[in-house]
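Okay, data17.cif is below, mmCIF, C-alpha atoms:
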```cif
data_run
#
loop_
_atom_site.group_PDB
_atom_site.id
_atom_site.type_symbol
_atom_site.label_atom_id
_atom_site.label_comp_id
_atom_site.auth_asym_id
_atom_site.auth_seq_id
_atom_site.Cartn_x
_atom_site.Cartn_y
_atom_site.Cartn_z
ATOM 1 C CA MET S 126 65.250 58.305 67.926
ATOM 2 C CA THR S 127 66.554 54.822 67.073
ATOM 3 C CA ALA S 128 65.180 53.001 64.066
ATOM 4 C CA THR S 129 64.206 49.375 64.540
ATOM 5 C CA PRO S 130 66.232 47.170 62.185
ATOM 6 C CA ALA S 131 64.254 45.260 59.599
ATOM 7 C CA PRO S 132 63.867 41.561 60.375
ATOM 8 C CA GLU S 133 66.145 39.190 58.514
ATOM 9 C CA VAL S 134 64.635 37.856 55.321
ATOM 10 C CA LEU S 135 65.216 34.138 55.060
ATOM 11 C CA ARG S 136 66.140 32.675 51.687
ATOM 12 C CA ALA S 137 67.302 29.232 50.701
ATOM 13 C CA PRO S 138 67.923 27.373 47.454
ATOM 14 C CA LEU S 139 65.656 24.355 47.186
ATOM 15 C CA VAL S 140 65.644 21.419 44.782
ATOM 16 C CA VAL S 141 62.693 19.124 44.183
ATOM 17 C CA GLU S 142 63.930 16.105 42.257
ATOM 18 C CA PHE S 143 62.217 12.818 41.564
ATOM 19 C CA PRO S 144 63.986 10.505 39.135
ATOM 20 C CA PHE S 145 62.113 7.274 38.625
ATOM 21 C CA THR S 146 62.604 4.132 36.583
ATOM 22 C CA ARG S 147 59.796 3.034 34.293
ATOM 23 C CA SER S 148 59.358 0.145 31.886
ATOM 24 C CA LEU S 149 58.221 0.720 28.313
ATOM 25 C CA GLY S 150 55.425 -0.884 26.333
ATOM 26 C CA PRO S 151 55.904 -1.930 22.694
ATOM 27 C CA VAL S 152 55.033 1.491 21.248
ATOM 28 C CA GLN S 153 57.222 3.640 23.492
ATOM 29 C CA SER S 154 60.007 1.077 23.259
ATOM 30 C CA ALA S 155 59.955 1.242 19.461
ATOM 31 C CA PHE S 156 59.840 5.063 19.489
ATOM 32 C CA LEU S 157 62.881 5.483 21.758
ATOM 33 C CA THR S 158 64.823 2.670 20.114
ATOM 34 C CA GLY S 159 64.101 4.320 16.771
ATOM 35 C CA LEU S 160 65.561 7.606 17.991
ATOM 36 C CA ARG S 161 68.718 5.765 18.943
ATOM 37 C CA GLU S 162 68.873 4.564 15.325
ATOM 38 C CA ARG S 163 68.082 8.060 13.902
ATOM 39 C CA THR S 164 64.567 7.009 12.965
ATOM 40 C CA VAL S 165 61.371 8.791 14.064
ATOM 41 C CA LEU S 166 58.344 6.557 14.514
ATOM 42 C CA GLY S 167 54.718 7.476 14.999
ATOM 43 C CA VAL S 168 51.601 5.395 15.434
ATOM 44 C CA ARG S 169 48.494 5.334 13.242
ATOM 45 C CA ALA S 170 45.247 6.154 15.028
ATOM 46 C CA GLY S 171 41.851 4.693 14.194
ATOM 47 C CA ASP S 172 40.937 7.707 12.062
ATOM 48 C CA GLY S 173 44.123 7.344 9.981
ATOM 49 C CA ARG S 174 46.075 10.177 11.587
ATOM 50 C CA VAL S 175 49.748 9.594 12.426
ATOM 51 C CA LEU S 176 50.544 10.615 15.993
ATOM 52 C CA VAL S 177 54.073 11.746 16.884
ATOM 53 C CA PRO S 178 55.141 11.201 19.620
ATOM 54 C CA PRO S 179 53.243 7.908 19.512
ATOM 55 C CA VAL S 180 50.770 6.877 22.187
ATOM 56 C CA GLU S 181 49.584 3.398 23.073
ATOM 57 C CA TYR S 182 45.859 4.182 23.088
ATOM 58 C CA ASP S 183 43.731 6.199 20.696
ATOM 59 C CA PRO S 184 42.987 9.615 22.280
ATOM 60 C CA GLU S 185 39.514 9.608 20.717
ATOM 61 C CA THR S 186 38.337 6.012 21.164
ATOM 62 C CA ALA S 187 40.777 4.618 23.763
ATOM 63 C CA ALA S 188 41.417 1.677 21.424
ATOM 64 C CA GLU S 189 44.833 0.059 21.627
ATOM 65 C CA LEU S 190 47.244 1.315 18.940
ATOM 66 C CA ARG S 191 50.066 -0.788 17.512
ATOM 67 C CA GLU S 192 50.528 0.194 13.825
ATOM 68 C CA LEU S 193 53.908 1.925 13.723
ATOM 69 C CA VAL S 194 54.870 4.240 10.868
ATOM 70 C CA GLU S 195 58.098 6.041 10.049
ATOM 71 C CA VAL S 196 58.000 9.791 9.475
ATOM 72 C CA ALA S 197 60.646 12.167 8.168
ATOM 73 C CA ALA S 198 63.265 13.974 10.235
ATOM 74 C CA THR S 199 62.170 17.248 8.602
ATOM 75 C CA GLY S 200 59.082 19.233 9.445
ATOM 76 C CA THR S 201 57.280 22.537 9.891
ATOM 77 C CA VAL S 202 57.089 24.793 12.952
ATOM 78 C CA THR S 203 53.465 25.189 14.020
ATOM 79 C CA THR S 204 54.092 27.544 16.958
ATOM 80 C CA TRP S 205 57.042 28.725 19.059
ATOM 81 C CA ALA S 206 58.229 30.729 22.075
ATOM 82 C CA TRP S 207 61.660 32.285 22.592
ATOM 83 C CA ASN S 208 63.719 31.260 25.623
ATOM 84 C CA PRO S 209 66.291 34.029 26.277
ATOM 85 C CA GLU S 210 67.779 32.495 29.451
ATOM 86 C CA PRO S 211 68.149 28.713 29.288
ATOM 87 C CA ARG S 212 68.207 26.914 32.605
ATOM 88 C CA PRO S 213 70.527 24.056 33.565
ATOM 89 C CA GLY S 214 69.421 20.777 32.039
ATOM 90 C CA GLN S 215 67.590 22.325 29.089
ATOM 91 C CA PRO S 216 68.481 21.154 25.567
ATOM 92 C CA LEU S 217 70.745 24.126 24.715
ATOM 93 C CA SER S 218 72.925 26.395 26.844
ATOM 94 C CA THR S 219 72.480 29.400 24.521
ATOM 95 C CA PRO S 220 69.163 31.214 23.882
ATOM 96 C CA PHE S 221 66.814 29.114 21.757
ATOM 97 C CA ALA S 222 63.173 28.711 20.786
ATOM 98 C CA TRP S 223 60.773 26.147 22.151
ATOM 99 C CA VAL S 224 58.919 24.875 19.091
ATOM 100 C CA LEU S 225 56.113 22.531 18.162
ATOM 101 C CA VAL S 226 57.176 20.764 14.981
ATOM 102 C CA ARG S 227 54.862 18.718 12.770
ATOM 103 C CA LEU S 228 57.226 16.279 11.123
ATOM 104 C CA ASP S 229 56.586 15.428 7.481
ATOM 105 C CA GLY S 230 54.188 12.480 7.454
ATOM 106 C CA ALA S 231 52.811 13.248 10.938
ATOM 107 C CA ASP S 232 49.500 14.863 11.875
ATOM 108 C CA THR S 233 50.489 16.045 15.354
ATOM 109 C CA ALA S 234 53.387 18.164 16.591
ATOM 110 C CA LEU S 235 56.445 17.281 18.665
ATOM 111 C CA LEU S 236 57.787 19.676 21.329
ATOM 112 C CA HIS S 237 61.525 20.336 21.257
ATOM 113 C CA ALA S 238 64.175 23.069 20.996
ATOM 114 C CA LEU S 239 65.145 25.015 17.886
ATOM 115 C CA ASP S 240 68.692 26.337 17.595
ATOM 116 C CA ALA S 241 68.254 29.774 16.019
ATOM 117 C CA PRO S 242 70.313 33.010 16.090
ATOM 118 C CA GLY S 243 67.494 35.090 17.535
ATOM 119 C CA PRO S 244 63.715 35.461 17.832
ATOM 120 C CA ASP S 245 63.579 37.497 14.618
ATOM 121 C CA THR S 246 64.745 34.412 12.698
ATOM 122 C CA VAL S 247 61.946 32.152 13.955
ATOM 123 C CA ARG S 248 58.486 32.060 12.439
ATOM 124 C CA THR S 249 55.473 29.799 12.261
ATOM 125 C CA GLY S 250 55.648 27.784 9.062
ATOM 126 C CA MET S 251 59.451 27.704 8.850
ATOM 127 C CA ARG S 252 61.073 24.462 7.757
ATOM 128 C CA VAL S 253 63.350 22.626 10.187
ATOM 129 C CA ARG S 254 65.129 19.304 10.546
ATOM 130 C CA VAL S 255 66.353 17.119 13.390
ATOM 131 C CA ARG S 256 69.897 17.581 14.607
ATOM 132 C CA TRP S 257 70.838 14.221 16.034
ATOM 133 C CA ALA S 258 72.946 13.907 19.169
ATOM 134 C CA ALA S 259 76.460 12.595 18.593
ATOM 135 C CA GLU S 260 75.880 9.856 21.164
ATOM 136 C CA ARG S 261 72.435 8.299 21.375
ATOM 137 C CA ALA S 262 71.074 5.922 23.977
ATOM 138 C CA GLY S 263 67.337 5.658 23.326
ATOM 139 C CA ALA S 264 65.869 8.843 24.832
ATOM 140 C CA ILE S 265 64.154 12.008 23.619
ATOM 141 C CA THR S 266 67.541 13.712 24.062
ATOM 142 C CA ASP S 267 68.789 11.661 21.088
ATOM 143 C CA ILE S 268 67.233 14.572 19.211
ATOM 144 C CA ALA S 269 69.743 17.227 20.260
ATOM 145 C CA CYS S 270 67.475 19.945 18.842
ATOM 146 C CA PHE S 271 65.973 21.154 15.581
ATOM 147 C CA GLU S 272 67.742 23.501 13.167
ATOM 148 C CA PRO S 273 66.494 25.655 10.267
ATOM 149 C CA TYR S 274 66.412 23.768 6.971
ATOM 150 C CA GLU S 275 65.063 25.037 3.693
ATOM 151 C CA SER S 276 63.361 22.134 1.938
ATOM 152 C CA ARG S 277 60.114 20.959 0.437
ATOM 153 C CA PRO S 278 57.907 18.710 2.616
ATOM 154 C CA ALA S 279 58.960 15.086 2.368
ATOM 155 C CA SER S 280 56.635 12.264 1.354
ATOM 156 C CA GLY S 281 54.158 10.736 3.786
ATOM 157 C CA ALA S 282 54.655 8.172 6.526
ATOM 158 C CA ARG S 283 55.903 4.676 5.735
ATOM 159 C CA ASP S 284 54.919 1.507 7.534
ATOM 160 C CA HIS S 285 57.505 0.226 9.989
ATOM 161 C CA ASP S 286 57.580 -3.058 11.899
ATOM 162 C CA GLY S 287 59.294 -1.459 14.915
ATOM 163 C CA VAL S 288 61.881 -4.248 15.034
ATOM 164 C CA PHE S 289 65.366 -3.195 16.159
ATOM 165 C CA ASP S 290 68.342 -4.978 17.621
ATOM 166 C CA GLU S 291 68.579 -4.593 21.419
ATOM 167 C CA PRO S 292 65.373 -2.580 21.923
ATOM 168 C CA VAL S 293 65.122 -0.039 24.734
ATOM 169 C CA THR S 294 62.861 -1.568 27.390
ATOM 170 C CA GLY S 295 63.096 0.965 30.208
ATOM 171 C CA ILE S 296 64.176 4.503 31.003
ATOM 172 C CA VAL S 297 64.972 6.660 34.007
ATOM 173 C CA ALA S 298 62.762 9.760 33.818
ATOM 174 C CA ALA S 299 64.089 12.687 35.825
ATOM 175 C CA ALA S 300 61.867 15.500 37.064
ATOM 176 C CA ARG S 301 63.696 18.408 38.689
ATOM 177 C CA LEU S 302 62.753 21.865 39.908
ATOM 178 C CA ASP S 303 65.317 24.153 41.518
ATOM 179 C CA TYR S 304 64.326 27.522 42.919
ATOM 180 C CA THR S 305 64.985 30.036 45.692
ATOM 181 C CA TYR S 306 62.443 29.886 48.494
ATOM 182 C CA THR S 307 61.559 32.894 50.641
ATOM 183 C CA PRO S 308 59.201 32.007 53.507
ATOM 184 C CA GLY S 309 56.566 34.448 54.664
ATOM 185 C CA ARG S 310 55.947 35.635 58.198
ATOM 186 C CA ALA S 311 54.321 32.436 59.431
ATOM 187 C CA GLN S 312 56.878 30.067 57.918
ATOM 188 C CA THR S 313 59.737 32.244 59.173
ATOM 189 C CA GLY S 314 58.453 31.925 62.746
ATOM 190 C CA TYR S 315 58.158 28.171 62.312
ATOM 191 C CA LEU S 316 61.724 27.861 61.001
ATOM 192 C CA GLN S 317 63.090 30.078 63.747
ATOM 193 C CA GLY S 318 61.371 27.855 66.282
ATOM 194 C CA LEU S 319 62.932 24.728 64.771
ATOM 195 C CA ALA S 320 66.360 26.372 65.103
ATOM 196 C CA GLU S 321 65.672 26.391 68.862
ATOM 197 C CA ARG S 322 64.320 22.819 68.741
ATOM 198 C CA ARG S 323 60.770 24.031 69.284
ATOM 199 C CA THR S 324 57.729 23.430 67.058
ATOM 200 C CA VAL S 325 55.585 26.525 66.676
ATOM 201 C CA GLY S 326 52.213 26.678 64.921
ATOM 202 C CA GLU S 327 49.507 29.318 64.615
ATOM 203 C CA ARG S 328 45.941 29.208 65.891
ATOM 204 C CA CYS S 329 42.937 30.120 63.786
ATOM 205 C CA PRO S 330 40.853 32.762 65.608
ATOM 206 C CA SER S 331 37.677 31.253 64.179
ATOM 207 C CA CYS S 332 37.885 27.449 64.474
ATOM 208 C CA ALA S 333 40.734 27.430 67.043
ATOM 209 C CA LYS S 334 42.746 24.811 65.152
ATOM 210 C CA VAL S 335 46.504 25.078 65.516
ATOM 211 C CA TYR S 336 48.232 24.611 62.163
ATOM 212 C CA VAL S 337 51.731 23.123 62.025
ATOM 213 C CA PRO S 338 53.527 24.123 59.902
ATOM 214 C CA PRO S 339 51.608 27.407 59.757
ATOM 215 C CA ARG S 340 50.692 28.999 56.442
ATOM 216 C CA GLY S 341 49.552 32.399 57.685
ATOM 217 C CA ALA S 342 45.860 31.668 57.121
ATOM 218 C CA CYS S 343 43.371 28.984 58.056
ATOM 219 C CA PRO S 344 42.604 26.863 54.964
ATOM 220 C CA THR S 345 39.172 26.005 56.395
ATOM 221 C CA CYS S 346 37.955 29.421 57.537
ATOM 222 C CA GLY S 347 39.995 31.597 55.210
ATOM 223 C CA VAL S 348 41.061 34.006 57.951
ATOM 224 C CA ALA S 349 44.546 35.147 58.913
ATOM 225 C CA THR S 350 46.354 33.385 61.756
ATOM 226 C CA THR S 351 48.666 35.396 63.980
ATOM 227 C CA GLU S 352 48.587 33.772 67.441
ATOM 228 C CA ARG S 353 51.661 31.599 67.795
ATOM 229 C CA VAL S 354 51.331 28.374 69.766
ATOM 230 C CA GLU S 355 54.110 25.985 70.721
ATOM 231 C CA VAL S 356 53.076 22.351 70.321
ATOM 232 C CA GLY S 357 54.588 18.976 71.155
ATOM 233 C CA PRO S 358 57.309 17.970 71.389
ATOM 234 C CA ARG S 359 55.598 14.589 71.795
ATOM 235 C CA GLY S 360 52.849 13.351 69.561
ATOM 236 C CA THR S 361 50.760 10.430 68.332
ATOM 237 C CA VAL S 362 51.113 8.326 65.189
ATOM 238 C CA THR S 363 47.783 8.658 63.392
ATOM 239 C CA THR S 364 48.611 6.598 60.313
ATOM 240 C CA PHE S 365 51.739 5.332 58.594
ATOM 241 C CA CYS S 366 53.260 3.487 55.653
ATOM 242 C CA ILE S 367 56.152 1.030 55.369
ATOM 243 C CA VAL S 368 58.683 2.020 52.710
ATOM 244 C CA ASN S 369 60.254 -0.935 50.903
ATOM 245 C CA ILE S 370 61.883 0.857 47.952
ATOM 246 C CA LYS S 371 65.206 2.565 48.570
ATOM 247 C CA ALA S 372 65.288 6.150 47.378
ATOM 248 C CA LYS S 373 68.194 7.378 45.295
ATOM 249 C CA ASN S 374 71.015 8.888 47.421
ATOM 250 C CA ALA S 375 69.134 8.078 50.644
ATOM 251 C CA ALA S 376 71.207 6.610 53.466
ATOM 252 C CA ILE S 377 68.171 5.067 55.191
ATOM 253 C CA GLU S 378 67.999 1.294 54.890
ATOM 254 C CA VAL S 379 64.682 -0.269 53.905
ATOM 255 C CA PRO S 380 62.209 -1.145 55.190
ATOM 256 C CA TYR S 381 61.454 1.933 57.256
ATOM 257 C CA VAL S 382 58.317 3.772 58.328
ATOM 258 C CA TYR S 383 56.998 7.220 57.475
ATOM 259 C CA ALA S 384 54.057 8.353 59.560
ATOM 260 C CA HIS S 385 51.613 11.167 60.117
ATOM 261 C CA ILE S 386 52.238 12.453 63.612
ATOM 262 C CA ALA S 387 49.794 14.658 65.492
ATOM 263 C CA LEU S 388 51.933 16.671 67.900
ATOM 264 C CA ASP S 389 50.273 17.417 71.227
ATOM 265 C CA GLY S 390 48.252 20.604 70.841
ATOM 266 C CA ALA S 391 48.289 20.613 67.031
ATOM 267 C CA GLY S 392 45.137 20.620 64.918
ATOM 268 C CA LEU S 393 46.554 18.475 62.131
ATOM 269 C CA ALA S 394 49.288 15.896 61.642
ATOM 270 C CA LEU S 395 52.688 16.418 60.063
ATOM 271 C CA HIS S 396 54.824 13.648 58.602
ATOM 272 C CA GLY S 397 58.089 12.220 59.893
ATOM 273 C CA ARG S 398 60.151 9.064 59.923
ATOM 274 C CA ILE S 399 59.778 6.609 62.798
ATOM 275 C CA GLY S 400 62.952 5.082 64.246
ATOM 276 C CA GLY S 401 64.107 3.330 67.384
ATOM 277 C CA VAL S 402 61.584 0.528 66.915
ATOM 278 C CA PRO S 403 61.252 -2.358 64.405
ATOM 279 C CA TYR S 404 59.127 -1.328 61.446
ATOM 280 C CA ASP S 405 56.573 -4.049 62.137
ATOM 281 C CA GLN S 406 55.945 -2.681 65.639
ATOM 282 C CA VAL S 407 54.837 0.761 64.502
ATOM 283 C CA ARG S 408 51.088 1.216 64.968
ATOM 284 C CA MET S 409 48.351 3.807 65.061
ATOM 285 C CA GLY S 410 48.205 5.495 68.442
ATOM 286 C CA LEU S 411 51.919 4.981 69.164
ATOM 287 C CA ARG S 412 53.246 7.822 71.305
ATOM 288 C CA VAL S 413 56.504 9.275 69.984
ATOM 289 C CA GLU S 414 59.043 12.038 70.606
ATOM 290 C CA PRO S 415 61.501 13.834 68.290
ATOM 291 C CA VAL S 416 65.161 12.886 67.969
ATOM 292 C CA TRP S 417 67.520 15.703 67.027
ATOM 293 C CA THR S 418 71.015 15.204 65.656
ATOM 294 C CA ASP S 419 73.911 17.634 66.084
ATOM 295 C CA GLY S 420 73.533 20.609 63.781
ATOM 296 C CA SER S 421 70.182 19.495 62.388
ATOM 297 C CA ARG S 422 67.507 22.087 61.634
ATOM 298 C CA TYR S 423 64.599 19.695 62.154
ATOM 299 C CA PRO S 424 64.047 16.343 63.901
ATOM 300 C CA ASP S 425 65.913 13.482 62.238
ATOM 301 C CA HIS S 426 63.144 11.071 63.222
ATOM 302 C CA TYR S 427 60.626 10.253 65.944
ATOM 303 C CA ARG S 428 60.945 7.355 68.384
ATOM 304 C CA PRO S 429 58.607 5.739 70.935
ATOM 305 C CA CYS S 430 58.598 7.749 74.151
ATOM 306 C CA GLY S 431 57.368 4.938 76.410
ATOM 307 C CA GLU S 432 53.906 6.350 77.087
ATOM 308 C CA PRO S 433 50.816 4.131 76.669
ATOM 309 C CA ASP S 434 49.222 4.230 73.227
ATOM 310 C CA ALA S 435 46.740 7.036 72.689
ATOM 311 C CA ASP S 436 43.065 6.157 72.553
ATOM 312 C CA TYR S 437 41.669 6.216 69.017
ATOM 313 C CA ASP S 438 39.026 8.819 69.910
ATOM 314 C CA THR S 439 41.782 11.326 70.788
ATOM 315 C CA TYR S 440 43.201 11.414 67.258
ATOM 316 C CA LYS S 441 40.466 10.096 64.928
ATOM 317 C CA GLU S 442 39.707 13.615 63.676
ATOM 318 C CA LEU S 443 43.352 14.060 62.668
ATOM 319 C CA LEU S 444 43.617 11.065 60.308
#
```
In structure tokens, how does this file's structure come out?
Amino acid sequence: MTATPAPEVLRAPLVVEFPFTRSLGPVQSAFLTGLRERTVLGVRAGDGRVLVPPVEYDPETAAELRELVEVAATGTVTTWAWNPEPRPGQPLSTPFAWVLVRLDGADTALLHALDAPGPDTVRTGMRVRVRWAAERAGAITDIACFEPYESRPASGARDHDGVFDEPVTGIVAAARLDYTYTPGRAQTGYLQGLAERRTVGERCPSCAKVYVPPRGACPTCGVATTERVEVGPRGTVTTFCIVNIKAKNAAIEVPYVYAHIALDGAGLALHGRIGGVPYDQVRMGLRVEPVWTDGSRYPDHYRPCGEPDADYDTYKELL
């Protein structure tokens, strides 16, 4: 008797990263510029509370807030959680505690890292102080972390005009998530099909829609999907957008078009880039086909295939 080998389990490291540039209003500008100058600023709310980090609008009344106040660089831990395995990009590379710290003179708590020898040395109510970064540029990372500090609470907040030389007016905020992805049965079949330059979905046994990419269950009917169906390769542009902002590290020149494309036989549209045609000639109903590049695992883009435009009634349910 010969045992059937177990199917290969697909795994791949994935990174979702979205750095974006944002401008700062007067309150956030003063806060980050203050950190650069080793000064922590809060803002006074309508009820007299001092909010740190500061916000531009009162969380209770939505009134605009502008009265800046300076608080101390010392404070009290209000709650904490131990992080035994820091990830890349976190404030410290050795185990540390995430803490909420109410700085002296503030009425709300600031989230940051506490450099401590171990979880048995951290407690709610412990006194801490800011450890400033050696090089500061006007970002929350100008606070390198907090460190234990035995002291009495400092005096209350002091008014501050928020005036600094060369204020920080904008920042680049980076959001990043890196993880290992293991697709399930349905996604594995889809990826294996793409490796053969085929697009494979799964049909719902109840509503008969073919989902591409498949998820293993129909989101409408809530039943499992197992029947595999090859769709496309051609399809119809159902809707689209013109991209005029160049993405970081992207080799595509702007403007270009991203579209929802309903592949022939599919019950919903997937998205892809449109090429081979000027951006201002892309339209709803345009018939397109995939373009594969050497060694690619999915179509690089879709281009017009020369067929007449699809009638609106044939794809209106897929918008």
- Task: Considering only C-alpha atoms, return as a PyMOL selection string whatever protein or nucleic-acid residues lie within 7 Å of stretch 230-241 of chain S, sequence-local ones (same chain, fewer than 2 positions apart) excluded.
- Result: chain S and resi 174-178+196-197+216+221-228+243+246+270-272+280-282
**Result set of the PyMOL selection byres ((chain S and resi 287) around 7) on the coordinates above, as a PyMOL selection string** = chain S and resi 155+193+285-286+288-289
Just write the chosen residues, C-alpha atoms, as a short mmCIF file (atom, residue, chain, number, x, y, z; two decimals), in the frame of the given file.
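And here is the file that came out, out.cif:
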```cif
data_model
loop_
_atom_site.label_atom_id
_atom_site.label_comp_id
_atom_site.auth_asym_id
_atom_site.auth_seq_id
_atom_site.Cartn_x
_atom_site.Cartn_y
_atom_site.Cartn_z
CA ALA S 155 59.96 1.24 19.46
CA LEU S 193 53.91 1.92 13.72
CA HIS S 285 57.50 0.23 9.99
CA ASP S 286 57.58 -3.06 11.90
CA VAL S 288 61.88 -4.25 15.03
CA PHE S 289 65.37 -3.20 16.16
#
```
Using only C-alpha atoms, pick whichever of S:Tyr404, S:Tyr182, S:Trp417, S:Trp257 has the shortest atom-to-atom distance to S:Thr164.
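Of the candidates, the smallest distance to S:Thr164 is held by S:Trp257.
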Restricting to only C-alpha atoms, whichever of S:Ala262, S:Val382, S:Ala394, S:Ala435 is closest to S:Pro338 is S:Ala394
To verify the selection step, state as a PyMOL selection string which residues the PyMOL selection byres ((chain S and resi 160) around 8) yields on this input.
chain S and resi 156-159+161-165+261+263-265+267-268
For atom CA of S:Pro339 and atom CA of S:Gly314, quote the distance in Å rounded to one decimal.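 Computing the Euclidean distance for atom CA of S:Pro339 and atom CA of S:Gly314 yields 8.7 Å.
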Any chance you could work out the residue set of the PyMOL selection byres ((chain S and resi 409) around 8) here, as a PyMOL selection string? chain S and resi 361-365+407-408+410-411
Counting all atoms listed in the file, the residue among S:Val152, S:Leu393, S:Cys366, S:Val194 that lies closest to S:Tyr336 is S:Leu393
request  = Please indicate the distance in Å from atom CA of S:Gly295 to atom CA of S:Leu166, rounded to one decimal place.
outcome  =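 Separation between atom CA of S:Gly295 and atom CA of S:Leu166: 17.3 Å.
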Measuring between all atoms listed in the file, which one of S:Ser154, S:Asn208, S:Thr305, S:Ser218 shows the shortest distance to S:Leu139?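 Selected residue with least distance to S:Leu139: S:Thr305.
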Exercise for the section: Show me as a list of chain:residue names the residues that reach within 6 Å of (44.6, 7.3, 18.6), counting all atoms listed in the file and using the file's own coordinates. Expected result: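 In the file's frame, the residues around the point are S:Ala170, S:Gly171, S:Tyr182, S:Asp183, S:Pro184, S:Glu185.
Note that atom CA of S:Arg398 and atom CA of S:Val368 are 10.2 Å apart.
Proximity to S:Gly357 was assessed for S:Thr345, S:Asn369, S:Thr313, S:Thr324 counting only C-alpha atoms; the smallest distance is recorded for S:Thr324.
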- prompt: Using all atoms listed in the file, can you list as an MDAnalysis selection string the residues within 12 Å of (66.3, -0.7, 55.8)?
  reply: chainID S and resid 367:372 375:382 400 403:404
Task: Best match for closeness to S:Leu135 among S:Thr307, S:Asp389, S:Tyr427, S:Ser331, counting all atoms listed in the file - done: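 Result for the nearest residue to S:Leu135: S:Thr307.
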